[in-house]
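Data block for data12.tsv (TSV, C-alpha atoms):
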chain	number	residue	atom	x	y	z
A	338	MET	CA	0.00	0.00	0.00
A	339	ALA	CA	3.02	2.26	-0.32
A	340	GLY	CA	2.15	5.38	-2.26
A	341	LEU	CA	-1.55	5.46	-1.34
A	342	ALA	CA	-1.33	9.07	-0.14
A	343	ASP	CA	0.14	10.14	-3.47
A	344	ARG	CA	-2.47	8.21	-5.46
A	345	LEU	CA	-5.26	9.70	-3.36
A	346	ALA	CA	-3.91	13.18	-4.02
A	347	GLU	CA	-3.80	12.36	-7.74
A	348	ILE	CA	-7.44	11.20	-7.72
A	349	ARG	CA	-8.47	14.43	-6.01
A	350	ASP	CA	-6.49	16.45	-8.56
A	351	ARG	CA	-8.24	14.59	-11.38
A	352	ILE	CA	-11.61	15.47	-9.86
A	353	THR	CA	-10.63	19.13	-9.60
A	354	ASN	CA	-9.21	19.24	-13.12
A	355	ALA	CA	-12.46	17.76	-14.43
A	356	GLY	CA	-14.35	20.66	-12.88
A	357	GLY	CA	-15.52	18.93	-9.71
A	358	ASP	CA	-15.09	19.58	-6.01
A	359	PRO	CA	-13.32	16.71	-4.19
A	360	ASP	CA	-15.13	17.70	-1.00
A	361	SER	CA	-18.51	17.28	-2.70
A	362	VAL	CA	-17.87	13.89	-4.29
A	363	THR	CA	-17.91	10.84	-2.03
A	364	LEU	CA	-14.91	8.65	-2.75
A	365	VAL	CA	-15.57	4.95	-2.19
A	366	ALA	CA	-12.29	3.06	-1.90
A	367	VAL	CA	-12.89	-0.35	-3.48
A	368	THR	CA	-10.85	-2.94	-1.58
A	369	LYS	CA	-12.12	-5.93	-3.58
A	370	ASP	CA	-9.39	-8.57	-3.92
A	371	PHE	CA	-6.96	-6.51	-1.84
A	372	GLY	CA	-5.97	-7.67	1.63
A	373	LEU	CA	-6.75	-6.21	5.01
A	374	GLU	CA	-3.74	-3.91	4.64
A	375	ALA	CA	-5.67	-1.99	1.99
A	376	VAL	CA	-8.49	-1.37	4.44
A	377	THR	CA	-6.05	-0.20	7.11
A	378	ALA	CA	-4.20	2.05	4.67
A	379	ALA	CA	-7.43	3.59	3.42
A	380	LEU	CA	-8.63	4.34	6.92
A	381	ASP	CA	-5.26	5.78	7.87
A	382	SER	CA	-5.57	8.08	4.85
A	383	GLY	CA	-8.93	9.37	6.05
A	384	LEU	CA	-11.10	7.30	3.71
A	385	VAL	CA	-14.07	5.83	5.57
A	386	ASP	CA	-16.31	4.76	2.68
A	387	LEU	CA	-15.06	1.35	1.56
A	388	GLY	CA	-16.57	-0.89	-1.10
A	389	GLU	CA	-16.61	-4.64	-1.67
A	390	ASN	CA	-18.12	-6.76	-4.44
A	391	ARG	CA	-18.03	-10.10	-2.66
A	392	ALA	CA	-19.95	-10.94	0.49
A	393	ASP	CA	-17.29	-13.21	1.97
A	394	GLN	CA	-14.57	-10.58	1.58
A	395	LEU	CA	-16.74	-7.82	3.04
A	396	ALA	CA	-17.74	-9.88	6.06
A	397	ALA	CA	-14.18	-11.01	6.77
A	398	LYS	CA	-12.75	-7.51	6.54
A	399	ALA	CA	-15.56	-5.93	8.53
A	400	GLU	CA	-15.09	-8.45	11.32
A	401	ALA	CA	-11.34	-7.81	11.41
A	402	VAL	CA	-11.54	-4.01	11.56
A	403	ASN	CA	-12.41	-2.29	14.80
A	404	LYS	CA	-12.67	1.22	13.34
A	405	ASP	CA	-15.87	2.82	12.10
A	406	VAL	CA	-16.24	2.04	8.39
A	407	ARG	CA	-19.06	2.88	6.02
A	408	TRP	CA	-19.19	-0.33	4.01
A	409	HIS	CA	-20.72	-0.23	0.53
A	410	TYR	CA	-21.83	-3.48	-1.06
A	411	LEU	CA	-21.12	-3.11	-4.78
A	412	GLY	CA	-21.83	-6.59	-6.05
A	413	ARG	CA	-25.11	-7.78	-7.47
A	414	VAL	CA	-27.24	-8.69	-4.48
A	415	GLN	CA	-27.71	-12.44	-4.16
A	416	ARG	CA	-30.48	-13.30	-1.72
A	417	ASN	CA	-28.48	-16.07	-0.03
A	418	GLN	CA	-25.61	-13.66	0.70
A	419	VAL	CA	-27.61	-10.86	2.31
A	420	ARG	CA	-27.69	-12.37	5.79
A	421	LYS	CA	-23.87	-12.60	5.84
A	422	VAL	CA	-23.24	-8.90	5.24
A	423	ALA	CA	-26.42	-7.19	6.45
A	424	PRO	CA	-24.92	-6.27	9.87
A	425	TYR	CA	-22.11	-4.33	8.19
A	426	VAL	CA	-23.42	-2.72	5.01
A	427	ARG	CA	-24.20	0.99	5.18
A	428	LEU	CA	-25.24	1.33	1.53
A	429	TRP	CA	-26.34	-1.38	-0.91
A	430	GLN	CA	-25.28	0.03	-4.27
A	431	ALA	CA	-26.44	-2.56	-6.77
A	432	VAL	CA	-30.10	-3.36	-6.18
A	433	ASP	CA	-31.64	-4.14	-9.55
A	434	ARG	CA	-34.75	-6.20	-8.77
A	435	VAL	CA	-37.52	-6.41	-6.19
A	436	ALA	CA	-36.47	-9.86	-4.92
A	437	ALA	CA	-33.12	-8.46	-3.78
A	438	GLY	CA	-34.88	-5.59	-2.04
A	439	GLU	CA	-37.22	-7.99	-0.25
A	440	GLU	CA	-34.30	-9.88	1.25
A	441	ILE	CA	-32.52	-6.69	2.30
A	442	ALA	CA	-35.71	-5.37	3.89
A	443	LYS	CA	-36.06	-8.64	5.77
A	444	ARG	CA	-32.49	-8.67	7.11
A	445	ALA	CA	-31.91	-4.91	7.44
A	446	PRO	CA	-35.22	-3.01	7.67
A	447	GLY	CA	-34.97	0.56	6.45
A	448	ALA	CA	-31.58	0.01	4.81
A	449	ALA	CA	-30.18	2.61	2.41
A	450	VAL	CA	-29.99	1.39	-1.18
A	451	LEU	CA	-29.19	2.55	-4.69
A	452	VAL	CA	-30.87	1.17	-7.78
A	453	GLN	CA	-28.40	-0.09	-10.34
A	454	VAL	CA	-29.29	0.95	-13.87
A	455	ASN	CA	-27.92	-0.72	-16.99
A	456	VAL	CA	-27.19	2.45	-18.93
A	457	SER	CA	-25.15	0.75	-21.65
A	458	GLY	CA	-27.57	-2.00	-22.66
A	459	GLU	CA	-24.71	-4.50	-22.55
A	460	PRO	CA	-26.12	-7.95	-21.67
A	461	GLN	CA	-23.12	-8.79	-19.48
A	462	LYS	CA	-23.81	-5.75	-17.29
A	463	HIS	CA	-26.24	-6.03	-14.40
A	464	GLY	CA	-28.83	-3.38	-13.68
A	465	ALA	CA	-32.45	-2.56	-14.30
A	466	ARG	CA	-33.65	-1.21	-17.63
A	467	GLU	CA	-34.14	2.54	-17.49
A	468	ASP	CA	-37.85	2.21	-18.26
A	469	ASP	CA	-38.26	-0.12	-15.28
A	470	VAL	CA	-36.47	2.07	-12.75
A	471	PRO	CA	-39.40	4.27	-11.59
A	472	GLN	CA	-41.52	1.24	-10.72
A	473	LEU	CA	-38.57	-0.47	-9.04
A	474	VAL	CA	-37.92	2.62	-6.92
A	475	ASP	CA	-41.59	2.67	-5.88
A	476	SER	CA	-41.53	-1.03	-5.02
A	477	LEU	CA	-38.35	-0.74	-2.93
A	478	THR	CA	-39.72	2.30	-1.13
A	479	GLY	CA	-42.87	0.32	-0.45
A	480	LEU	CA	-40.72	-2.31	1.26
A	481	GLY	CA	-39.53	0.37	3.69
A	482	LEU	CA	-36.09	0.76	2.12
A	483	ASP	CA	-34.40	4.15	1.90
A	484	VAL	CA	-33.82	4.57	-1.85
A	485	ARG	CA	-31.20	7.31	-2.02
A	486	GLY	CA	-30.18	7.29	-5.65
A	487	LEU	CA	-29.00	5.46	-8.73
A	488	MET	CA	-25.81	3.62	-9.65
A	489	ALA	CA	-24.29	2.66	-12.99
A	490	VAL	CA	-21.21	1.00	-14.41
A	491	GLY	CA	-19.84	2.57	-17.57
A	492	PRO	CA	-19.65	0.54	-20.76
A	493	THR	CA	-16.56	-1.31	-21.92
A	494	GLY	CA	-14.33	0.89	-24.02
A	495	PRO	CA	-12.67	4.33	-23.91
A	496	PRO	CA	-13.85	6.68	-21.14
A	497	GLU	CA	-15.76	8.94	-23.50
A	498	VAL	CA	-18.18	6.17	-24.49
A	499	ALA	CA	-19.55	6.34	-20.93
A	500	ARG	CA	-20.83	9.90	-21.38
A	501	PRO	CA	-24.27	9.19	-22.91
A	502	GLY	CA	-25.13	6.62	-20.26
A	503	PHE	CA	-23.93	8.83	-17.42
A	504	LYS	CA	-25.90	11.76	-18.80
A	505	SER	CA	-28.98	9.55	-19.00
A	506	LEU	CA	-28.52	8.42	-15.38
A	507	ILE	CA	-28.34	12.02	-14.18
A	508	GLY	CA	-31.53	12.90	-16.04
A	509	LEU	CA	-33.32	9.90	-14.60
A	510	ALA	CA	-32.15	10.69	-11.06
A	511	ASP	CA	-33.31	14.29	-11.51
A	512	ARG	CA	-36.76	13.18	-12.64
A	513	LEU	CA	-37.06	10.86	-9.64
A	514	ALA	CA	-35.63	13.47	-7.23
A	515	LEU	CA	-32.92	11.06	-6.07
A	516	PRO	CA	-29.81	12.90	-4.80
A	517	VAL	CA	-27.14	10.18	-4.96
A	518	ARG	CA	-25.61	9.39	-8.38
A	519	SER	CA	-22.91	6.73	-8.09
A	520	MET	CA	-21.04	6.53	-11.38
A	521	GLY	CA	-17.41	6.66	-12.39
A	522	MET	CA	-14.41	4.47	-11.67
A	523	THR	CA	-10.66	4.76	-12.17
A	524	ASP	CA	-10.68	5.06	-15.96
A	525	ASP	CA	-13.80	7.16	-16.54
A	526	LEU	CA	-13.93	9.37	-13.47
A	527	GLU	CA	-13.40	12.61	-15.44
A	528	VAL	CA	-16.43	11.91	-17.61
A	529	ALA	CA	-18.47	11.01	-14.53
A	530	VAL	CA	-17.47	14.21	-12.74
A	531	GLN	CA	-18.28	16.33	-15.78
A	532	GLU	CA	-21.73	14.75	-16.01
A	533	GLY	CA	-22.53	15.26	-12.32
A	534	THR	CA	-21.59	12.22	-10.28
A	535	THR	CA	-21.84	12.51	-6.51
A	536	MET	CA	-19.99	9.26	-5.77
A	537	LEU	CA	-16.94	7.62	-7.36
A	538	ARG	CA	-15.91	3.99	-6.86
A	539	ILE	CA	-12.12	3.76	-7.09
A	540	GLY	CA	-9.99	0.65	-6.57
A	541	ARG	CA	-6.99	0.39	-8.89
A	542	GLY	CA	-6.50	4.16	-8.91
A	543	LEU	CA	-5.89	4.06	-5.16
A	544	PHE	CA	-4.35	0.65	-4.49
A	545	GLY	CA	-2.59	-0.20	-7.75
A	546	PRO	CA	-3.18	-3.16	-10.08
A	547	ARG	CA	-4.93	-6.26	-8.84
A	548	SER	CA	-3.61	-9.73	-9.53
A	549	GLU	CA	-3.60	-10.87	-13.14
A	550	GLY	CA	-7.01	-12.06	-14.26
A	551	ARG	CA	-8.96	-9.88	-11.85
A	552	ASP	CA	-11.48	-7.27	-12.91
A	553	LEU	CA	-9.40	-4.08	-12.95
A	554	ARG	CA	-12.19	-1.61	-13.64
A	555	ARG	CA	-13.57	-1.27	-10.12
Let's see the structure in the file written out as structure tokens.
Amino acid sequence: MAGLADRLAEIRDRITNAGGDPDSVTLVAVTKDFGLEAVTAALDSGLVDLGENRADQLAAKAEAVNKDVRWHYLGRVQRNQVRKVAPYVRLWQAVDRVAAGEEIAKRAPGAAVLVQVNVSGEPQKHGAREDDVPQLVDSLTGLGLDVRGLMAVGPTGPPEVARPGFKSLIGLADRLALPVRSMGMTDDLEVAVQEGTTMLRIGRGLFGPRSEGRDLRR
């Protein structure tokens, strides 16, 4: 984790240079596939919003850390995994169907969630269709969940190809009066900032490359 302070400063400079305010954008440090030392280093650097894609990794790290952490669950919500992480998750970022919301509401009544939207139309990407989002938001709210905003993963390709989808997400969030817009990762953060993100999910940009074969985009 050597160099984390410098990489964090670089991320903040990138936000500023893209026209954003680092103090107004929540930075979620994605520790997926990094060890406990990444969690410790992030906390020592003042980062308290940490994200994980896998339930087993989140639970293990949460149990090992005694400091206050705002854990974000970034993976697609599998009903059989909710019980394992419900005591720790502060924000469920990838809720894309009612069944997932039902299980969260059962294990963590009133939990804060984001609706994941598939803004690219890519079949390999999770997320609800844009046309289905208003009804999904209503259904999740009806379950007693605190729907705070929308989340999206940019499409595969150069950063600029993410712009139309990010713009669409912002428009949808505006129409639904949802304040949180979680979009943008290491490669496309400038585009996300320019389009109005309120939350960035950064892993490699803070902690360096993951092991070969891992998903490097988060």
(message) Using all atoms listed in the file, can you tell me which of A:Ala514, A:Val414, A:Met522, A:Leu364 comes closest to A:Arg541?
(response) A:Met522
(message) Just checking: using all atoms listed in the file, which residue out of A:Val367, A:Val454, A:Ala449, A:Val362 ends up closest to A:Asp468?
(response)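 Using all atoms listed in the file, A:Asp468 sits closest to A:Val454.
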(message) Which residue is closest to A:Val528? Choose from A:Ala342, A:Ala355, A:Leu473, A:Ala401 and count all atoms listed in the file.
(response)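 Checking each of A:Ala342, A:Ala355, A:Leu473, A:Ala401 against A:Val528, counting all atoms listed in the file, the winner is A:Ala355.
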(message) Show me the residues around (-25.3, -3.8, -17.8) - criterion: an atom at most 12 Å away, only C-alpha atoms counted - as a PyMOL selection string.
(response) chain A and resi 413+431+433+453-467+488-493+502
Keeping only C-alpha atoms, take the residues you just selected and write them out as a PDB file, in the coordinates of the input.
ATOM      1  CA  ARG A 413     -25.110  -7.780  -7.470  1.00  0.00           C
ATOM      2  CA  ALA A 431     -26.440  -2.560  -6.770  1.00  0.00           C
ATOM      3  CA  ASP A 433     -31.640  -4.140  -9.550  1.00  0.00           C
ATOM      4  CA  GLN A 453     -28.400  -0.090 -10.340  1.00  0.00           C
ATOM      5  CA  VAL A 454     -29.290   0.950 -13.870  1.00  0.00           C
ATOM      6  CA  ASN A 455     -27.920  -0.720 -16.990  1.00  0.00           C
ATOM      7  CA  VAL A 456     -27.190   2.450 -18.930  1.00  0.00           C
ATOM      8  CA  SER A 457     -25.150   0.750 -21.650  1.00  0.00           C
ATOM      9  CA  GLY A 458     -27.570  -2.000 -22.660  1.00  0.00           C
ATOM     10  CA  GLU A 459     -24.710  -4.500 -22.550  1.00  0.00           C
ATOM     11  CA  PRO A 460     -26.120  -7.950 -21.670  1.00  0.00           C
ATOM     12  CA  GLN A 461     -23.120  -8.790 -19.480  1.00  0.00           C
ATOM     13  CA  LYS A 462     -23.810  -5.750 -17.290  1.00  0.00           C
ATOM     14  CA  HIS A 463     -26.240  -6.030 -14.400  1.00  0.00           C
ATOM     15  CA  GLY A 464     -28.830  -3.380 -13.680  1.00  0.00           C
ATOM     16  CA  ALA A 465     -32.450  -2.560 -14.300  1.00  0.00           C
ATOM     17  CA  ARG A 466     -33.650  -1.210 -17.630  1.00  0.00           C
ATOM     18  CA  GLU A 467     -34.140   2.540 -17.490  1.00  0.00           C
ATOM     19  CA  MET A 488     -25.810   3.620  -9.650  1.00  0.00           C
ATOM     20  CA  ALA A 489     -24.290   2.660 -12.990  1.00  0.00           C
ATOM     21  CA  VAL A 490     -21.210   1.000 -14.410  1.00  0.00           C
ATOM     22  CA  GLY A 491     -19.840   2.570 -17.570  1.00  0.00           C
ATOM     23  CA  PRO A 492     -19.650   0.540 -20.760  1.00  0.00           C
ATOM     24  CA  THR A 493     -16.560  -1.310 -21.920  1.00  0.00           C
ATOM     25  CA  GLY A 502     -25.130   6.620 -20.260  1.00  0.00           C
TER      26      GLY A 502
END
(message) Counting all atoms listed in the file, I want the residues whose atoms come within 12 Å of (-10.5, 2.8, -10.7) in the file frame, returned as number ranges by chain.
(response) A: 344-345, 348, 364-369, 388, 490-491, 496, 520-527, 537-547, 552-555
(request) Give me the residues within 9 Å of A:Asp393 as a ChimeraX atom specification, counting all atoms listed in the file and dropping any in the same chain fewer than 5 places off. (result) /A:398,418,421-422
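Using all atoms listed in the file, the nearest neighbour of A:Phe503 within the list A:Glu532, A:Asp475, A:Asp405, A:Asp483 is A:Glu532.
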